[in-house]
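Chemist: start_23.txt is the file, holding compact mmCIF, C-alpha atoms:
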```txt
# COMPACT_ATOMS: atom_id res chain seq x y z
CA MET A 37 8.06 -62.40 65.01
CA SER A 38 10.39 -65.22 65.87
CA ARG A 39 12.08 -67.31 63.23
CA THR A 40 13.68 -70.67 62.68
CA GLU A 41 16.59 -70.73 60.27
CA GLU A 42 16.21 -73.30 57.54
CA THR A 43 19.27 -73.23 55.30
CA ALA A 44 22.48 -71.26 54.85
CA GLU A 45 24.28 -71.31 51.51
CA GLY A 46 27.66 -70.03 50.40
CA ALA A 47 31.26 -71.21 50.34
CA GLY A 48 33.74 -71.76 53.15
CA PRO A 49 33.08 -69.31 55.98
CA PHE A 50 30.95 -67.04 53.79
CA VAL A 51 27.16 -67.05 53.81
CA THR A 52 25.59 -65.63 50.64
CA ARG A 53 21.98 -66.79 51.04
CA LEU A 54 19.81 -67.54 54.07
CA THR A 55 16.34 -69.05 54.07
CA TRP A 56 14.19 -69.12 57.19
CA ARG A 57 10.58 -69.57 58.24
CA LEU A 58 8.74 -66.93 60.24
CA ASP A 59 6.32 -67.86 62.99
CA ASP A 60 3.34 -66.91 60.79
CA GLY A 61 4.38 -69.61 58.33
CA ALA A 62 5.91 -67.25 55.79
CA THR A 63 9.34 -67.98 54.28
CA ALA A 64 11.99 -65.27 53.92
CA VAL A 65 15.11 -65.43 51.75
CA TRP A 66 18.06 -63.08 52.16
CA GLU A 67 20.71 -62.92 49.43
CA SER A 68 23.93 -60.98 49.94
CA ARG A 69 24.18 -59.24 46.56
CA ARG A 70 20.44 -58.64 46.14
CA SER A 71 20.11 -56.93 49.51
CA ARG A 72 23.33 -54.93 49.01
CA LYS A 73 22.67 -53.76 45.46
CA ARG A 74 18.88 -53.58 45.34
CA GLY A 75 17.79 -53.43 48.97
CA LEU A 76 15.43 -56.37 48.50
CA LEU A 77 14.43 -59.43 50.50
CA THR A 78 12.27 -62.25 49.10
CA VAL A 79 9.23 -63.30 51.16
CA ARG A 80 6.60 -65.92 50.43
CA ALA A 81 3.47 -65.93 52.57
CA ALA A 82 2.21 -69.21 54.03
CA GLY A 83 0.32 -71.12 51.36
CA ALA A 84 1.20 -68.62 48.62
CA ALA A 85 2.27 -69.95 45.23
CA GLU A 86 4.59 -67.04 44.41
CA SER A 87 7.16 -64.99 46.30
CA ARG A 88 7.28 -61.21 46.46
CA SER A 89 10.09 -58.77 47.08
CA ARG A 90 10.16 -56.75 50.28
CA SER A 91 12.12 -53.51 50.00
CA ALA A 92 14.29 -51.87 52.61
CA ASP A 93 13.25 -48.54 54.14
CA ARG A 94 13.09 -45.43 51.95
CA ASP A 95 16.32 -43.86 53.29
CA SER A 96 18.31 -47.05 52.71
CA VAL A 97 16.96 -47.37 49.16
CA ARG A 98 17.81 -43.74 48.39
CA ARG A 99 21.33 -44.27 49.73
CA LEU A 100 21.83 -47.44 47.67
CA ARG A 101 20.66 -45.68 44.51
CA ARG A 102 23.17 -42.87 44.98
CA LEU A 103 26.03 -45.23 45.69
CA ASN A 104 25.10 -47.44 42.74
CA THR A 105 25.04 -44.43 40.41
CA LEU A 106 28.45 -43.30 41.67
CA THR A 107 29.95 -46.79 41.35
CA ALA A 108 28.52 -47.45 37.90
CA GLY A 109 29.41 -44.01 36.55
CA SER A 110 32.95 -44.12 37.91
CA PHE A 111 33.76 -47.49 36.35
CA ALA A 112 32.06 -46.58 33.06
CA VAL A 113 34.05 -43.33 32.76
CA GLY A 114 37.26 -44.87 34.10
CA GLY A 115 37.00 -47.76 31.63
CA GLY A 116 36.30 -45.30 28.82
CA LEU A 117 39.42 -43.30 29.66
CA PHE A 118 41.53 -46.47 29.70
CA VAL A 119 40.13 -47.33 26.27
CA ALA A 120 41.17 -43.88 25.06
CA GLY A 121 44.62 -44.26 26.63
CA ALA A 122 45.14 -47.64 25.00
CA ALA A 123 44.00 -46.24 21.64
CA VAL A 124 46.53 -43.41 21.90
CA ALA A 125 49.25 -45.89 22.90
CA ARG A 126 48.38 -48.03 19.86
CA SER A 127 49.31 -45.13 17.59
CA GLY A 128 52.88 -45.02 18.91
CA PRO A 129 55.06 -45.46 21.99
CA VAL A 130 53.48 -44.80 25.38
CA ASP A 131 54.04 -41.11 26.01
CA ALA A 132 52.83 -38.38 28.36
CA ARG A 133 49.44 -38.15 26.63
CA SER A 134 48.45 -41.76 27.17
CA ALA A 135 50.03 -41.80 30.65
CA TRP A 136 47.92 -38.84 31.76
CA ILE A 137 44.77 -40.36 30.24
CA TYR A 138 45.45 -43.58 32.16
CA PHE A 139 46.07 -41.58 35.32
CA ALA A 140 42.73 -39.77 34.98
CA GLY A 141 41.00 -43.11 34.40
CA GLY A 142 42.70 -44.50 37.50
CA LEU A 143 41.18 -41.73 39.64
CA PHE A 144 37.71 -42.78 38.48
CA PHE A 145 38.56 -46.41 39.27
CA ASN A 146 39.62 -45.31 42.77
CA THR A 147 36.29 -43.53 43.21
CA GLY A 148 34.31 -46.50 41.91
CA GLY A 149 36.21 -48.93 44.13
CA TYR A 150 35.58 -46.89 47.26
CA ALA A 151 31.90 -46.37 46.35
CA ALA A 152 31.52 -50.15 45.94
CA LEU A 153 33.05 -50.64 49.38
CA LEU A 154 30.65 -48.06 50.84
CA GLU A 155 27.77 -50.07 49.36
CA ALA A 156 28.91 -53.09 51.35
CA VAL A 157 29.59 -51.08 54.52
CA ASN A 158 26.17 -49.38 54.48
CA ALA A 159 23.99 -52.12 53.00
CA PRO A 160 20.81 -52.80 55.00
CA ARG A 161 21.16 -55.88 57.19
CA ARG A 162 18.67 -58.68 57.58
CA ASP A 163 16.23 -58.50 60.50
CA SER A 164 15.55 -62.21 60.78
CA GLY A 165 12.85 -61.83 63.40
CA ALA A 166 10.77 -59.39 61.34
CA GLY A 167 11.55 -60.91 57.95
CA ALA A 168 12.74 -57.53 56.71
CA LEU A 169 15.86 -55.50 55.99
CA ALA A 170 16.98 -53.19 58.78
CA ALA A 171 18.45 -49.73 58.16
CA ARG A 172 22.05 -48.98 59.09
CA ARG A 173 23.56 -45.72 60.22
CA TRP A 174 25.92 -44.20 57.68
CA ARG A 175 29.57 -45.21 58.02
CA TRP A 176 32.63 -44.30 55.96
CA TRP A 177 34.49 -47.45 56.95
CA SER A 178 34.12 -50.82 58.65
CA TYR A 179 36.22 -53.95 59.15
CA GLU A 180 34.17 -57.06 58.35
CA PRO A 181 36.37 -59.65 56.58
CA GLY A 182 33.88 -62.38 57.47
CA ARG A 183 31.40 -60.93 54.97
CA ILE A 184 32.08 -61.91 51.35
CA ASP A 185 30.67 -58.66 49.94
CA TRP A 186 32.89 -56.56 52.21
CA LEU A 187 36.01 -58.61 51.44
CA SER A 188 35.39 -58.57 47.69
CA THR A 189 34.84 -54.81 47.51
CA PHE A 190 37.72 -54.11 49.90
CA LEU A 191 40.14 -56.07 47.69
CA LEU A 192 38.75 -54.25 44.65
CA PHE A 193 39.35 -50.88 46.27
CA VAL A 194 42.89 -51.81 47.38
CA GLY A 195 43.54 -53.03 43.84
CA THR A 196 42.59 -49.62 42.44
CA LEU A 197 44.96 -47.95 44.92
CA VAL A 198 47.84 -50.24 43.91
CA PHE A 199 47.08 -49.43 40.28
CA GLY A 200 47.55 -45.81 41.28
CA ILE A 201 51.20 -46.54 42.11
CA ASN A 202 51.59 -48.05 38.64
CA LEU A 203 49.96 -45.02 36.99
CA VAL A 204 52.07 -42.50 38.92
CA GLY A 205 55.18 -44.48 38.01
CA SER A 206 54.17 -44.31 34.35
CA LEU A 207 54.29 -40.51 34.54
CA LEU A 208 57.93 -40.49 35.65
CA GLN A 209 60.60 -40.01 33.04
CA GLY A 210 64.09 -41.51 32.78
CA LEU A 211 63.45 -44.65 34.85
CA SER A 212 65.96 -47.48 34.71
CA VAL A 213 64.78 -50.98 33.76
CA ARG A 214 64.83 -52.01 37.41
CA GLN A 215 62.83 -48.95 38.43
CA GLU A 216 60.40 -49.51 35.56
CA ASN A 217 59.69 -53.05 36.71
CA GLY A 218 59.53 -52.04 40.38
CA LEU A 219 57.34 -48.93 40.09
CA VAL A 220 55.22 -49.75 37.04
CA TRP A 221 55.15 -53.48 36.32
CA ALA A 222 55.04 -54.92 39.87
CA PRO A 223 52.13 -52.71 41.10
CA ASP A 224 50.28 -53.49 37.87
CA LEU A 225 50.66 -57.23 38.49
CA ILE A 226 49.60 -56.94 42.14
CA GLY A 227 46.59 -54.79 41.26
CA CYS A 228 45.45 -57.27 38.60
CA THR A 229 45.81 -60.14 41.09
CA LEU A 230 43.64 -58.29 43.62
CA PHE A 231 41.05 -57.61 40.91
CA LEU A 232 40.93 -61.31 40.00
CA VAL A 233 40.55 -62.43 43.63
CA SER A 234 37.84 -59.82 44.18
CA GLY A 235 36.04 -60.98 41.03
CA HIS A 236 36.22 -64.62 42.12
CA LEU A 237 34.63 -63.76 45.46
CA SER A 238 31.91 -61.83 43.61
CA LEU A 239 31.20 -64.89 41.47
CA VAL A 240 30.96 -67.03 44.61
CA GLU A 241 28.57 -64.45 46.09
CA VAL A 242 26.26 -64.30 43.08
CA CYS A 243 26.33 -68.09 42.52
CA HIS A 244 26.01 -68.92 46.25
CA GLY A 245 28.93 -71.30 46.10
CA ARG A 246 31.03 -72.68 43.29
CA PRO A 247 31.14 -70.22 40.35
CA GLY A 248 28.86 -71.21 37.50
CA VAL A 249 26.77 -69.71 34.70
CA ARG A 250 23.64 -67.68 35.52
CA PRO A 251 22.57 -66.23 32.13
CA HIS A 252 19.28 -64.85 33.46
CA ASP A 253 20.91 -62.98 36.37
CA LEU A 254 22.02 -59.40 35.64
CA GLY A 255 24.33 -59.44 38.66
CA TRP A 256 26.11 -62.49 37.23
CA TRP A 257 26.66 -60.75 33.89
CA ILE A 258 28.13 -57.70 35.61
CA VAL A 259 30.52 -59.81 37.67
CA ALA A 260 31.45 -62.06 34.73
CA VAL A 261 32.17 -59.14 32.38
CA ASN A 262 34.31 -57.43 35.02
CA GLN A 263 36.17 -60.68 35.71
CA LEU A 264 36.92 -61.03 32.01
CA GLY A 265 38.26 -57.47 32.11
CA SER A 266 40.48 -58.38 35.05
CA ALA A 267 41.86 -61.41 33.17
CA LEU A 268 42.64 -59.24 30.13
CA PHE A 269 44.33 -56.67 32.37
CA MET A 270 46.42 -59.50 33.85
CA ALA A 271 47.50 -60.63 30.38
CA SER A 272 48.48 -57.04 29.62
CA ALA A 273 50.42 -56.76 32.88
CA LEU A 274 52.37 -59.98 32.27
CA ALA A 275 53.31 -58.81 28.78
CA ASP A 276 54.46 -55.43 30.11
CA PHE A 277 57.52 -56.81 31.92
CA THR A 278 60.67 -55.03 30.73
CA ARG A 279 63.49 -57.45 29.86
CA PRO A 280 66.73 -56.35 31.57
CA ALA A 281 68.82 -57.65 28.67
CA THR A 282 67.06 -55.67 25.95
CA GLY A 283 65.21 -52.87 27.80
CA SER A 284 62.01 -53.70 25.88
CA VAL A 285 58.71 -55.11 27.10
CA VAL A 286 57.76 -58.73 26.43
CA ASN A 287 54.99 -57.92 23.94
CA VAL A 288 53.73 -54.39 23.39
CA ASP A 289 50.77 -55.54 21.27
CA ILE A 290 49.40 -57.71 24.09
CA VAL A 291 49.93 -54.80 26.48
CA ASN A 292 47.89 -52.40 24.37
CA TRP A 293 45.20 -54.78 23.15
CA GLY A 294 44.80 -56.39 26.57
CA THR A 295 44.40 -52.99 28.21
CA LEU A 296 41.95 -51.81 25.56
CA ALA A 297 39.78 -54.96 25.67
CA GLY A 298 39.89 -55.14 29.47
CA ALA A 299 38.92 -51.49 29.76
CA LEU A 300 35.98 -52.07 27.40
CA CYS A 301 34.81 -54.84 29.75
CA PHE A 302 34.96 -52.55 32.81
CA CYS A 303 33.19 -49.81 30.87
CA ALA A 304 30.44 -52.26 29.86
CA GLY A 305 30.22 -53.56 33.43
CA GLY A 306 29.79 -50.01 34.68
CA VAL A 307 26.97 -49.36 32.20
CA LEU A 308 25.22 -52.60 33.21
CA GLN A 309 25.43 -51.58 36.88
CA PHE A 310 23.10 -48.66 36.19
CA TYR A 311 20.34 -51.25 35.73
CA GLU A 312 21.12 -53.19 38.93
CA ARG A 313 19.60 -50.71 41.32
CA PRO A 314 16.81 -50.60 43.93
```
I'd like the structure from this file rewritten - as structure tokens, please.
Modeler:
Amino acid sequence: MSRTEETAEGAGPFVTRLTWRLDDGATAVWESRRSRKRGLLTVRAAGAAESRSRSADRDSVRRLRRLNTLTAGSFAVGGGLFVAGAAVARSGPVDARSAWIYFAGGLFFNTGGYAALLEAVNAPRRDSGAGALAARRWRWWSYEPGRIDWLSTFLLFVGTLVFGINLVGSLLQGLSVRQENGLVWAPDLIGCTLFLVSGHLSLVEVCHGRPGVRPHDLGWWIVAVNQLGSALFMASALADFTRPATGSVVNVDIVNWGTLAGALCFCAGGVLQFYERP
């Protein structure tokens, strides 16, 4: 089949939704997140009143299900461990117990971030001529900054790695104020910034342009809840700066409560992701 492209939607250089007409009169709609997370394309036959979903091939669907389970489970467990770490920290000064709990949670965040990137790397691509989704060979890595889903998940994964520096620094004892701010606070701030940028791109992807409210879209809820978690993590990071003059953080209550509430958001987002599957 040949096709004539009708409309392309998105923001800036990023295309998040394409609509085109096939030579048999049918209309096909490709959406970035829907094809990546659920392996689905929307097709409406000529003269039909309703659209139907066309699934990717069986191998692609099986692959997406496994990656979705890994991503969702990793962020749910990682968020849960951060909640536990924040709860322990609330009972007294941050010590080795809470630091190790945070570190374990960070490993799950690393896993979830990489699994999300693999979803983007291996998502089935649109076959515009056939009005279907085409299978892709498995890859562990790609470089596609022109795709909003790849860029968003790449920044998310890098953010989890930068958080790792923060978490390792938290395990070290006897740090000076300068070292504390350089090894713990600065990576925390950078990681939160990357999370926020990644979340903004995800909102653009799911809204096909300027971020808005999509209460009937599960994908929007997942992205919105995670973005709220990122904002709470950022508030926690800003409050965790150690004042050189006093050697104390700006506000320990904001640090602990921001971490706990943000972690709850990521845990909830992970649970919701179990339902956004092929």
Chemist: Pick from A:Phe302, A:Asp93, A:Tyr138, A:Val65: nearest to Ile258 in chain A, with all atoms listed in the file counted?
Modeler: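 Comparing A:Phe302, A:Asp93, A:Tyr138, A:Val65 against Ile258 in chain A, the winner is A:Phe302.
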Chemist: What does the distance from CA of Val286 in chain A to CA of Val213 in chain A come to in Å, to one decimal?
Modeler: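 Result for CA of Val286 in chain A versus CA of Val213 in chain A: 12.8 Å, one decimal.
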Chemist: Using all atoms listed in the file, which of the listed residues (A:Gly305, A:Gly167, A:Pro49, A:Pro160) sits closest to Gly114 in chain A?
Modeler: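 Looking only at the distances to Gly114 in chain A, the closest residue turns out to be A:Gly305.
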Chemist: Produce a table with one row for each residue of range 44-149 of chain A that has an atom at most 12 Å from any atom of range 259-267 of chain A, each row naming the nearest atom pair and its distance in Å at one decimal; use all atoms listed in the file; arrange rows by chain and rising residue number; format as CSV.
Modeler:
```
residue,atom,partner,partner_atom,distance
A:Arg69,CA,A:Val259,CA,10.9
A:Ala108,CA,A:Asn262,CA,11.9
A:Phe111,CA,A:Asn262,CA,10.0
A:Ala112,CA,A:Asn262,CA,11.3
A:Gly115,CA,A:Gly265,CA,9.8
A:Phe118,CA,A:Gly265,CA,11.7
A:Val119,CA,A:Gly265,CA,11.8
```
Chemist: Near Gly200 in chain A, within 12 Å and counting only C-alpha atoms, which residues show up once chain neighbours fewer than 3 positions away are dropped, as JSON, numbers by chain?
Modeler: {"A": [135, 136, 138, 139, 140, 141, 142, 143, 144, 145, 146, 147, 193, 194, 195, 196, 197, 203, 204, 205, 206, 207, 219, 220, 221, 222, 223, 224, 226, 227, 228]}
Chemist: Would you compute the distance between CA of Ala82 in chain A and CA of Leu58 in chain A? Give it in Å to one decimal.
Modeler: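 One can read the CA of Ala82 in chain A to CA of Leu58 in chain A distance as 9.3 Å.
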Chemist: For Gly245 in chain A, which residue among A:Gln209, A:Thr52, A:Ser91, A:Ser71 is the nearest when counting only C-alpha atoms?
Modeler: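 Going through A:Gln209, A:Thr52, A:Ser91, A:Ser71 one by one, the smallest distance to Gly245 in chain A is for A:Thr52.
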Chemist: Using only C-alpha atoms, determine which residues lie at most 12 Å from Arg70 in chain A, disregarding the query and same-chain residues fewer than 6 positions distant; provide the list as a PyMOL selection string.
Modeler: chain A and resi 52-54+76-78+89-92+100+155-156+159-162+169+185+241-244+253-256+312-314
